[in-house]
>>> print(open('coords.cif').read())   # mmCIF, C-alpha atoms and all ligand atoms
data_entry
#
loop_
_atom_site.label_atom_id
_atom_site.label_comp_id
_atom_site.auth_asym_id
_atom_site.auth_seq_id
_atom_site.Cartn_x
_atom_site.Cartn_y
_atom_site.Cartn_z
CA MET A 1 20.79 43.68 46.25
CA HIS A 2 22.29 40.19 46.59
CA ASP A 3 21.62 37.86 49.50
CA SER A 4 24.60 37.28 51.76
CA HIS A 5 25.19 33.79 50.36
CA THR A 6 25.75 35.20 46.86
CA THR A 7 27.85 38.05 48.22
CA ILE A 8 30.11 35.65 50.14
CA ALA A 9 30.48 33.48 47.02
CA ASN A 10 31.56 36.61 45.10
CA ILE A 11 34.09 37.52 47.80
CA GLU A 12 35.44 33.95 47.75
CA ARG A 13 35.82 34.07 43.95
CA ALA A 14 37.85 37.29 44.21
CA ILE A 15 40.33 35.91 46.78
CA ARG A 16 43.52 34.96 44.95
CA ASN A 17 45.46 31.87 46.06
CA ILE A 18 49.23 32.23 45.86
CA PRO A 19 51.05 28.91 46.32
CA ASP A 20 54.32 28.80 48.27
CA PHE A 21 54.17 32.40 49.51
CA PRO A 22 55.88 33.66 51.65
CA LYS A 23 57.49 30.22 51.86
CA ALA A 24 57.12 26.70 50.49
CA GLY A 25 53.99 24.88 51.62
CA ILE A 26 51.95 27.99 52.51
CA GLN A 27 49.05 28.94 50.28
CA PHE A 28 48.68 32.68 50.74
CA LYS A 29 45.17 34.12 50.56
CA ASP A 30 45.56 37.42 48.71
CA ILE A 31 42.69 39.79 49.54
CA THR A 32 43.92 42.70 47.37
CA PRO A 33 41.46 41.87 44.53
CA VAL A 34 38.62 42.06 47.08
CA LEU A 35 39.81 45.48 48.26
CA ALA A 36 40.13 46.74 44.70
CA ASP A 37 36.45 46.01 44.02
CA ALA A 38 34.38 48.74 45.70
CA ARG A 39 31.27 46.58 46.04
CA LEU A 40 33.09 43.57 47.43
CA PHE A 41 35.08 45.70 49.87
CA SER A 42 31.91 47.40 51.02
CA SER A 43 30.14 44.04 51.35
CA CYS A 44 32.97 42.74 53.52
CA ILE A 45 32.52 45.65 55.91
CA ASP A 46 28.74 45.19 55.99
CA LEU A 47 29.14 41.48 56.77
CA LEU A 48 31.94 41.93 59.32
CA THR A 49 29.79 44.41 61.25
CA ALA A 50 26.44 42.67 60.67
CA ASN A 51 25.80 41.91 64.35
CA PHE A 52 26.19 45.54 65.42
CA GLN A 53 24.79 49.00 64.88
CA ALA A 54 26.33 52.41 65.55
CA GLY A 55 26.49 52.95 69.31
CA MET A 56 26.87 49.26 70.23
CA VAL A 57 30.67 49.19 69.90
CA ASP A 58 33.13 51.66 71.45
CA ALA A 59 36.23 50.61 69.52
CA VAL A 60 37.20 48.41 66.61
CA VAL A 61 40.64 46.89 67.18
CA GLY A 62 42.53 45.91 64.01
CA ILE A 63 45.48 43.54 63.79
CA ASP A 64 48.69 44.52 61.95
CA ALA A 65 48.66 44.87 58.98
CA ARG A 66 45.82 43.68 56.72
CA GLY A 67 43.43 43.73 59.67
CA PHE A 68 43.84 47.53 59.75
CA ILE A 69 42.18 47.89 56.36
CA PHE A 70 38.96 46.16 57.37
CA ALA A 71 38.93 47.37 60.98
CA ALA A 72 39.32 51.05 60.05
CA ALA A 73 36.42 50.90 57.61
CA ALA A 74 34.31 48.96 60.12
CA ALA A 75 35.08 51.57 62.79
CA LEU A 76 33.81 54.38 60.54
CA LYS A 77 30.64 52.42 59.77
CA LEU A 78 29.95 51.73 63.46
CA GLN A 79 30.93 55.29 64.47
CA ALA A 80 33.51 53.76 66.78
CA GLY A 81 37.20 54.53 67.31
CA PHE A 82 39.91 52.52 65.58
CA ILE A 83 42.71 51.01 67.68
CA PRO A 84 45.77 49.27 66.17
CA VAL A 85 47.45 46.16 67.59
CA ARG A 86 50.94 46.30 66.08
CA LYS A 87 54.08 44.26 65.87
CA LYS A 88 56.44 44.98 68.77
CA GLY A 89 58.53 48.11 68.36
CA LYS A 90 56.17 50.02 66.04
CA LEU A 91 53.95 51.89 68.49
CA PRO A 92 55.56 55.11 69.77
CA TYR A 93 54.03 55.41 73.26
CA SER A 94 54.09 53.01 76.26
CA THR A 95 52.68 49.59 75.38
CA HIS A 96 51.48 46.30 76.77
CA GLU A 97 53.06 43.39 74.94
CA GLN A 98 51.98 39.81 74.35
CA SER A 99 54.08 37.01 72.85
CA TYR A 100 52.82 33.87 71.16
CA GLU A 101 54.29 30.77 69.56
CA LEU A 102 54.85 30.46 65.83
CA GLU A 103 55.80 27.27 64.02
CA TYR A 104 59.41 28.39 64.42
CA GLY A 105 60.05 30.85 67.25
CA THR A 106 57.77 33.48 68.75
CA ASN A 107 56.09 36.73 67.75
CA THR A 108 55.31 39.72 69.96
CA ILE A 109 52.51 42.23 69.45
CA ALA A 110 51.66 45.41 71.33
CA ILE A 111 48.90 47.89 72.13
CA HIS A 112 49.17 51.39 73.63
CA ILE A 113 48.48 51.25 77.36
CA ASP A 114 45.82 53.98 77.06
CA ALA A 115 44.27 52.80 73.78
CA LEU A 116 41.11 51.43 75.39
CA ARG A 117 39.16 52.32 78.47
CA ARG A 118 38.21 49.79 81.13
CA GLY A 119 34.83 48.34 80.13
CA SER A 120 35.08 49.49 76.49
CA ARG A 121 33.07 47.27 74.12
CA VAL A 122 35.40 45.99 71.40
CA LEU A 123 35.02 44.37 68.01
CA LEU A 124 38.33 42.71 67.07
CA ILE A 125 39.04 42.27 63.34
CA ASP A 126 41.72 40.60 61.23
CA ASP A 127 41.77 39.49 57.60
CA LEU A 128 42.40 35.80 58.24
CA LEU A 129 42.14 33.20 61.02
CA ALA A 130 44.78 30.48 60.68
CA THR A 131 46.08 28.86 63.92
CA GLY A 132 44.47 31.61 66.01
CA GLY A 133 47.69 32.60 67.78
CA THR A 134 47.63 36.18 66.54
CA ALA A 135 43.98 36.76 67.38
CA GLU A 136 44.28 35.09 70.79
CA ALA A 137 47.27 37.26 71.71
CA SER A 138 45.39 40.35 70.47
CA ALA A 139 42.37 39.41 72.57
CA LEU A 140 44.62 39.06 75.63
CA LEU A 141 45.98 42.58 75.01
CA VAL A 142 42.45 43.97 74.80
CA GLU A 143 41.54 42.23 78.04
CA LYS A 144 44.76 43.39 79.71
CA VAL A 145 43.50 46.96 79.59
CA GLY A 146 40.11 45.90 80.97
CA ALA A 147 38.09 46.15 77.77
CA LYS A 148 35.50 43.57 76.74
CA ILE A 149 35.48 41.72 73.42
CA LEU A 150 32.01 41.46 71.91
CA GLU A 151 33.12 39.50 68.85
CA ILE A 152 36.18 38.55 66.78
CA SER A 153 35.58 38.78 63.03
CA PHE A 154 37.62 37.59 60.06
CA VAL A 155 37.15 37.80 56.32
CA ILE A 156 38.74 34.34 55.88
CA GLU A 157 38.99 31.28 58.14
CA LEU A 158 41.27 28.32 57.43
CA SER A 159 39.12 25.93 59.46
CA PHE A 160 41.49 22.96 59.04
CA LEU A 161 43.95 24.76 61.35
CA ASN A 162 41.38 24.80 64.19
CA GLY A 163 42.07 28.41 65.19
CA ARG A 164 38.52 28.69 66.48
CA GLN A 165 39.37 26.32 69.35
CA ARG A 166 41.89 28.82 70.72
CA LEU A 167 39.23 31.52 70.57
CA SER A 168 36.48 29.43 72.16
CA ARG A 169 35.92 32.03 74.92
CA PHE A 170 34.71 34.52 72.30
CA PRO A 171 32.02 34.76 69.65
CA VAL A 172 33.89 34.25 66.35
CA ARG A 173 32.56 35.20 62.92
CA SER A 174 34.16 34.58 59.55
CA LEU A 175 32.86 35.24 56.06
CA VAL A 176 34.71 32.80 53.78
CA VAL A 177 35.59 29.42 55.31
CA TYR A 178 38.07 26.99 53.74
P1 LIG A 201 47.47 32.76 62.94
O1 LIG A 201 48.07 33.50 64.09
O2 LIG A 201 48.14 31.45 62.66
O3 LIG A 201 45.96 32.62 63.08
O4 LIG A 201 47.77 33.62 61.63
C1 LIG A 201 46.97 34.69 61.31
C2 LIG A 201 47.75 35.85 60.80
O5 LIG A 201 48.69 35.46 59.80
C3 LIG A 201 46.82 36.85 60.13
O6 LIG A 201 47.21 38.16 60.53
C4 LIG A 201 46.97 36.61 58.65
O7 LIG A 201 47.02 37.83 57.94
C5 LIG A 201 48.29 35.85 58.50
N1 LIG A 201 48.14 34.61 57.71
C6 LIG A 201 48.31 33.34 58.17
N2 LIG A 201 48.14 32.43 57.21
C7 LIG A 201 47.84 33.12 56.08
C8 LIG A 201 47.54 32.74 54.72
N3 LIG A 201 47.50 31.46 54.33
N4 LIG A 201 47.26 33.73 53.83
C9 LIG A 201 47.30 35.03 54.23
N5 LIG A 201 47.57 35.44 55.46
C10 LIG A 201 47.86 34.52 56.40
#
>>> encode(input="coords.cif", output="structure tokens", more="lines below")
Ligand code: AMP
Amino acid sequence: MHDSHTTIANIERAIRNIPDFPKAGIQFKDITPVLADARLFSSCIDLLTANFQAGMVDAVVGIDARGFIFAAAAALKLQAGFIPVRKKGKLPYSTHEQSYELEYGTNTIAIHIDALRRGSRVLLIDDLLATGGTAEASALLVEKVGAKILEISFVIELSFLNGRQRLSRFPVRSLVVY
């Protein structure tokens, strides 16, 4: 059994940096080597859910697409449901939508109108916090249906982009901080 400091260092070592992907100037954080390692993947889920036990969370909401991987596993661990927030146009039933600004243009995400019950206790998960636009818009969708966010958790935080400021209304947890 490693302490969490060692475990986080091992997760950080497994994250692969890809320069200029998907475009020049972006350093992409590739989490696929973390997922491929059963112990590291499992440690991520333990750490992402560390503040909760089964019964404390009604739903884990995951953000399209890498957020789904961690959120689904966290939902199983917490014996909670899994709810996807998806890019506009992907969910088949009636949705609420939320748009947010990108560097160039806007993005729109959606949630099924009946995905969460009013008062549901939600853990929101994505792989990475950058500017915080995606997570903030997702949090607004969760609140639109009357559910309550207990925490927003990320595997990776790019702290130099100050995404945490946009999420200051919520408890935010991240495992590996750059
Ligand atoms: P943001 O809305 O700026 O916080 O961006 C967060 C979303 O974009 C997350 O869903 C991430 O998966 C993705 N993302 C942003 N920057 C990176 C990066 N450098 N490496 C990998 N994914 C990223």
>>> axis_aligned_box(input="coords.cif", around="ligand LIG 201 (chain A)", padding_each_side="3 Å", output="lines of an AutoDock Vina configuration file")
center_x = 47.3
center_y = 34.8
center_z = 59.0
size_x = 8.7
size_y = 12.7
size_z = 16.3
>>> residues_near_point(input="coords.cif", point="(35.9, 40.1, 62.7)", cutoff="6 Å", atoms="all atoms listed in the file", output="NGL selection string")
:A and (48 or 124-125 or 152-154 or 173)
>>> residues_near_ligand(input="coords.cif", ligand="ligand LIG 201 (chain A)", cutoff="7 Å", atoms="all atoms listed in the file", output="PDB file with C-alpha atoms, keeping the file's coordinate frame")
ATOM      1  CA  ILE A  26      51.950  27.990  52.510  1.00  0.00           C
ATOM      2  CA  GLN A  27      49.050  28.940  50.280  1.00  0.00           C
ATOM      3  CA  PHE A  28      48.680  32.680  50.740  1.00  0.00           C
ATOM      4  CA  LYS A  29      45.170  34.120  50.560  1.00  0.00           C
ATOM      5  CA  ASP A  30      45.560  37.420  48.710  1.00  0.00           C
ATOM      6  CA  ILE A  63      45.480  43.540  63.790  1.00  0.00           C
ATOM      7  CA  ASP A  64      48.690  44.520  61.950  1.00  0.00           C
ATOM      8  CA  ARG A  66      45.820  43.680  56.720  1.00  0.00           C
ATOM      9  CA  GLY A  67      43.430  43.730  59.670  1.00  0.00           C
ATOM     10  CA  ASP A 126      41.720  40.600  61.230  1.00  0.00           C
ATOM     11  CA  ASP A 127      41.770  39.490  57.600  1.00  0.00           C
ATOM     12  CA  LEU A 128      42.400  35.800  58.240  1.00  0.00           C
ATOM     13  CA  LEU A 129      42.140  33.200  61.020  1.00  0.00           C
ATOM     14  CA  ALA A 130      44.780  30.480  60.680  1.00  0.00           C
ATOM     15  CA  THR A 131      46.080  28.860  63.920  1.00  0.00           C
ATOM     16  CA  GLY A 132      44.470  31.610  66.010  1.00  0.00           C
ATOM     17  CA  GLY A 133      47.690  32.600  67.780  1.00  0.00           C
ATOM     18  CA  THR A 134      47.630  36.180  66.540  1.00  0.00           C
ATOM     19  CA  ALA A 135      43.980  36.760  67.380  1.00  0.00           C
ATOM     20  CA  GLY A 163      42.070  28.410  65.190  1.00  0.00           C
TER      21      GLY A 163
END
>>> closest_residue(input="coords.cif", among="A:Leu102, A:Ile109, A:Gly55, A:Ala74", to="Lys88 in chain A", atoms="all atoms listed in the file")
A:Ile109
>>> atom_distance(input="coords.cif", atom1="CA of Ala24 in chain A", atom2="CA of Val176 in chain A")
23.5 Å
>>> residues_around(input="coords.cif", residues="Lys148 in chain A", least_positions_apart="6", cutoff="7 Å", atoms="all atoms listed in the file", output="list of chain:residue names")
A:Gly119, A:Ser120, A:Arg121, A:Val122
>>> write_last_selection(input="coords.cif", atoms="C-alpha atoms", output="PDB file, in the frame of the given file")
ATOM      1  CA  GLY A 119      34.830  48.340  80.130  1.00  0.00           C
ATOM      2  CA  SER A 120      35.080  49.490  76.490  1.00  0.00           C
ATOM      3  CA  ARG A 121      33.070  47.270  74.120  1.00  0.00           C
ATOM      4  CA  VAL A 122      35.400  45.990  71.400  1.00  0.00           C
TER       5      VAL A 122
END
>>> closest_residue(input="coords.cif", among="A:Ile156, A:Leu150, A:Val177, A:Leu91", to="Ile31 in chain A", atoms="all atoms listed in the file")
A:Ile156
>>> atom_distance(input="coords.cif", atom1="CA of Val60 in chain A", atom2="CA of Ala72 in chain A")
7.4 Å
>>> atom_distance(input="coords.cif", atom1="CA of Ala137 in chain A", atom2="CA of Asn51 in chain A")
23.2 Å
>>> closest_residue(input="coords.cif", among="A:Arg16, A:Ser43, A:Ile149, A:Ser174", to="Val61 in chain A", atoms="only C-alpha atoms")
A:Ile149
>>> closest_residue(input="coords.cif", among="A:Leu158, A:Ile69, A:Ile18, A:Leu175", to="Leu47 in chain A", atoms="only C-alpha atoms")
A:Leu175
>>> closest_residue(input="coords.cif", among="A:Ile11, A:Val142, A:Phe52, A:Tyr93", to="Ala38 in chain A", atoms="all atoms listed in the file")
A:Ile11
>>> closest_residue(input="coords.cif", among="A:Ala9, A:Ala139, A:Met56, A:Ile45", to="Val155 in chain A", atoms="all atoms listed in the file")
A:Ile45
>>> residues_around(input="coords.cif", residues="Ala73 in chain A", least_positions_apart="4", cutoff="10 Å", atoms="all atoms listed in the file", output="MDAnalysis selection string")
chainID A and resid 41:42 44:46 49 60 68:69 77:79 82
>>> write_last_selection(input="coords.cif", atoms="C-alpha atoms", output="mmCIF file, in the coordinates of the input")
data_model
loop_
_atom_site.group_PDB
_atom_site.id
_atom_site.type_symbol
_atom_site.label_atom_id
_atom_site.label_comp_id
_atom_site.auth_asym_id
_atom_site.auth_seq_id
_atom_site.Cartn_x
_atom_site.Cartn_y
_atom_site.Cartn_z
ATOM 1 C CA PHE A 41 35.080 45.700 49.870
ATOM 2 C CA SER A 42 31.910 47.400 51.020
ATOM 3 C CA CYS A 44 32.970 42.740 53.520
ATOM 4 C CA ILE A 45 32.520 45.650 55.910
ATOM 5 C CA ASP A 46 28.740 45.190 55.990
ATOM 6 C CA THR A 49 29.790 44.410 61.250
ATOM 7 C CA VAL A 60 37.200 48.410 66.610
ATOM 8 C CA PHE A 68 43.840 47.530 59.750
ATOM 9 C CA ILE A 69 42.180 47.890 56.360
ATOM 10 C CA LYS A 77 30.640 52.420 59.770
ATOM 11 C CA LEU A 78 29.950 51.730 63.460
ATOM 12 C CA GLN A 79 30.930 55.290 64.470
ATOM 13 C CA PHE A 82 39.910 52.520 65.580
#
>>> residues_around(input="coords.cif", residues="His112 in chain A", least_positions_apart="3", cutoff="6 Å", atoms="only C-alpha atoms", output="list in words")
Ser94, Thr95 and Ala115 of chain A
>>> write_last_selection(input="coords.cif", atoms="C-alpha atoms", output="compact mmCIF listing (two decimals), in the frame of the given file")
# COMPACT_ATOMS: atom_id res chain seq x y z
CA SER A 94 54.09 53.01 76.26
CA THR A 95 52.68 49.59 75.38
CA ALA A 115 44.27 52.80 73.78
>>> build_atoms(input="coords.cif", residues="range 31-50 of chain A", atoms="N, CA, C and O atoms", output="compact mmCIF listing (two decimals), in the coordinates of the input")
# COMPACT_ATOMS: atom_id res chain seq x y z
N ILE A 31 43.99 39.08 49.51
CA ILE A 31 42.69 39.79 49.54
C ILE A 31 42.73 41.10 48.74
O ILE A 31 41.73 41.82 48.69
N THR A 32 43.86 41.41 48.09
CA THR A 32 43.92 42.70 47.37
C THR A 32 42.89 42.81 46.25
O THR A 32 42.36 43.91 46.03
N PRO A 33 42.52 41.71 45.53
CA PRO A 33 41.46 41.87 44.53
C PRO A 33 40.08 42.18 45.15
O PRO A 33 39.25 42.83 44.52
N VAL A 34 39.87 41.73 46.38
CA VAL A 34 38.62 42.06 47.08
C VAL A 34 38.60 43.54 47.41
O VAL A 34 37.59 44.24 47.19
N LEU A 35 39.72 44.05 47.89
CA LEU A 35 39.81 45.48 48.26
C LEU A 35 39.66 46.38 47.06
O LEU A 35 39.11 47.48 47.16
N ALA A 36 40.14 45.92 45.91
CA ALA A 36 40.13 46.74 44.70
C ALA A 36 38.73 46.87 44.11
O ALA A 36 38.49 47.74 43.27
N ASP A 37 37.82 46.00 44.53
CA ASP A 37 36.45 46.01 44.02
C ASP A 37 35.56 46.72 45.05
O ASP A 37 35.31 46.19 46.14
N ALA A 38 35.09 47.90 44.72
CA ALA A 38 34.38 48.74 45.70
C ALA A 38 33.20 48.01 46.33
O ALA A 38 32.96 48.10 47.54
N ARG A 39 32.46 47.27 45.49
CA ARG A 39 31.27 46.58 46.04
C ARG A 39 31.65 45.44 46.95
O ARG A 39 31.01 45.23 47.99
N LEU A 40 32.67 44.69 46.57
CA LEU A 40 33.09 43.57 47.43
C LEU A 40 33.68 44.07 48.75
O LEU A 40 33.40 43.51 49.82
N PHE A 41 34.49 45.13 48.65
CA PHE A 41 35.08 45.70 49.87
C PHE A 41 33.97 46.18 50.80
O PHE A 41 33.94 45.87 52.00
N SER A 42 33.03 46.89 50.23
CA SER A 42 31.91 47.40 51.02
C SER A 42 31.08 46.26 51.63
O SER A 42 30.68 46.31 52.80
N SER A 43 30.88 45.20 50.84
CA SER A 43 30.14 44.04 51.35
C SER A 43 30.87 43.39 52.52
O SER A 43 30.24 42.95 53.49
N CYS A 44 32.18 43.30 52.41
CA CYS A 44 32.97 42.74 53.52
C CYS A 44 32.70 43.51 54.81
O CYS A 44 32.50 42.92 55.87
N ILE A 45 32.72 44.83 54.70
CA ILE A 45 32.52 45.65 55.91
C ILE A 45 31.10 45.47 56.45
O ILE A 45 30.90 45.33 57.66
N ASP A 46 30.12 45.41 55.54
CA ASP A 46 28.74 45.19 55.99
C ASP A 46 28.62 43.86 56.73
O ASP A 46 27.96 43.76 57.77
N LEU A 47 29.26 42.82 56.18
CA LEU A 47 29.14 41.48 56.77
C LEU A 47 29.94 41.37 58.07
O LEU A 47 29.50 40.74 59.03
N LEU A 48 31.12 42.00 58.10
CA LEU A 48 31.94 41.93 59.32
C LEU A 48 31.27 42.64 60.50
O LEU A 48 31.52 42.30 61.65
N THR A 49 30.44 43.61 60.19
CA THR A 49 29.79 44.41 61.25
C THR A 49 28.31 44.05 61.41
O THR A 49 27.58 44.74 62.13
N ALA A 50 27.88 42.97 60.77
CA ALA A 50 26.44 42.67 60.67
C ALA A 50 25.74 42.52 62.01
O ALA A 50 24.53 42.76 62.11
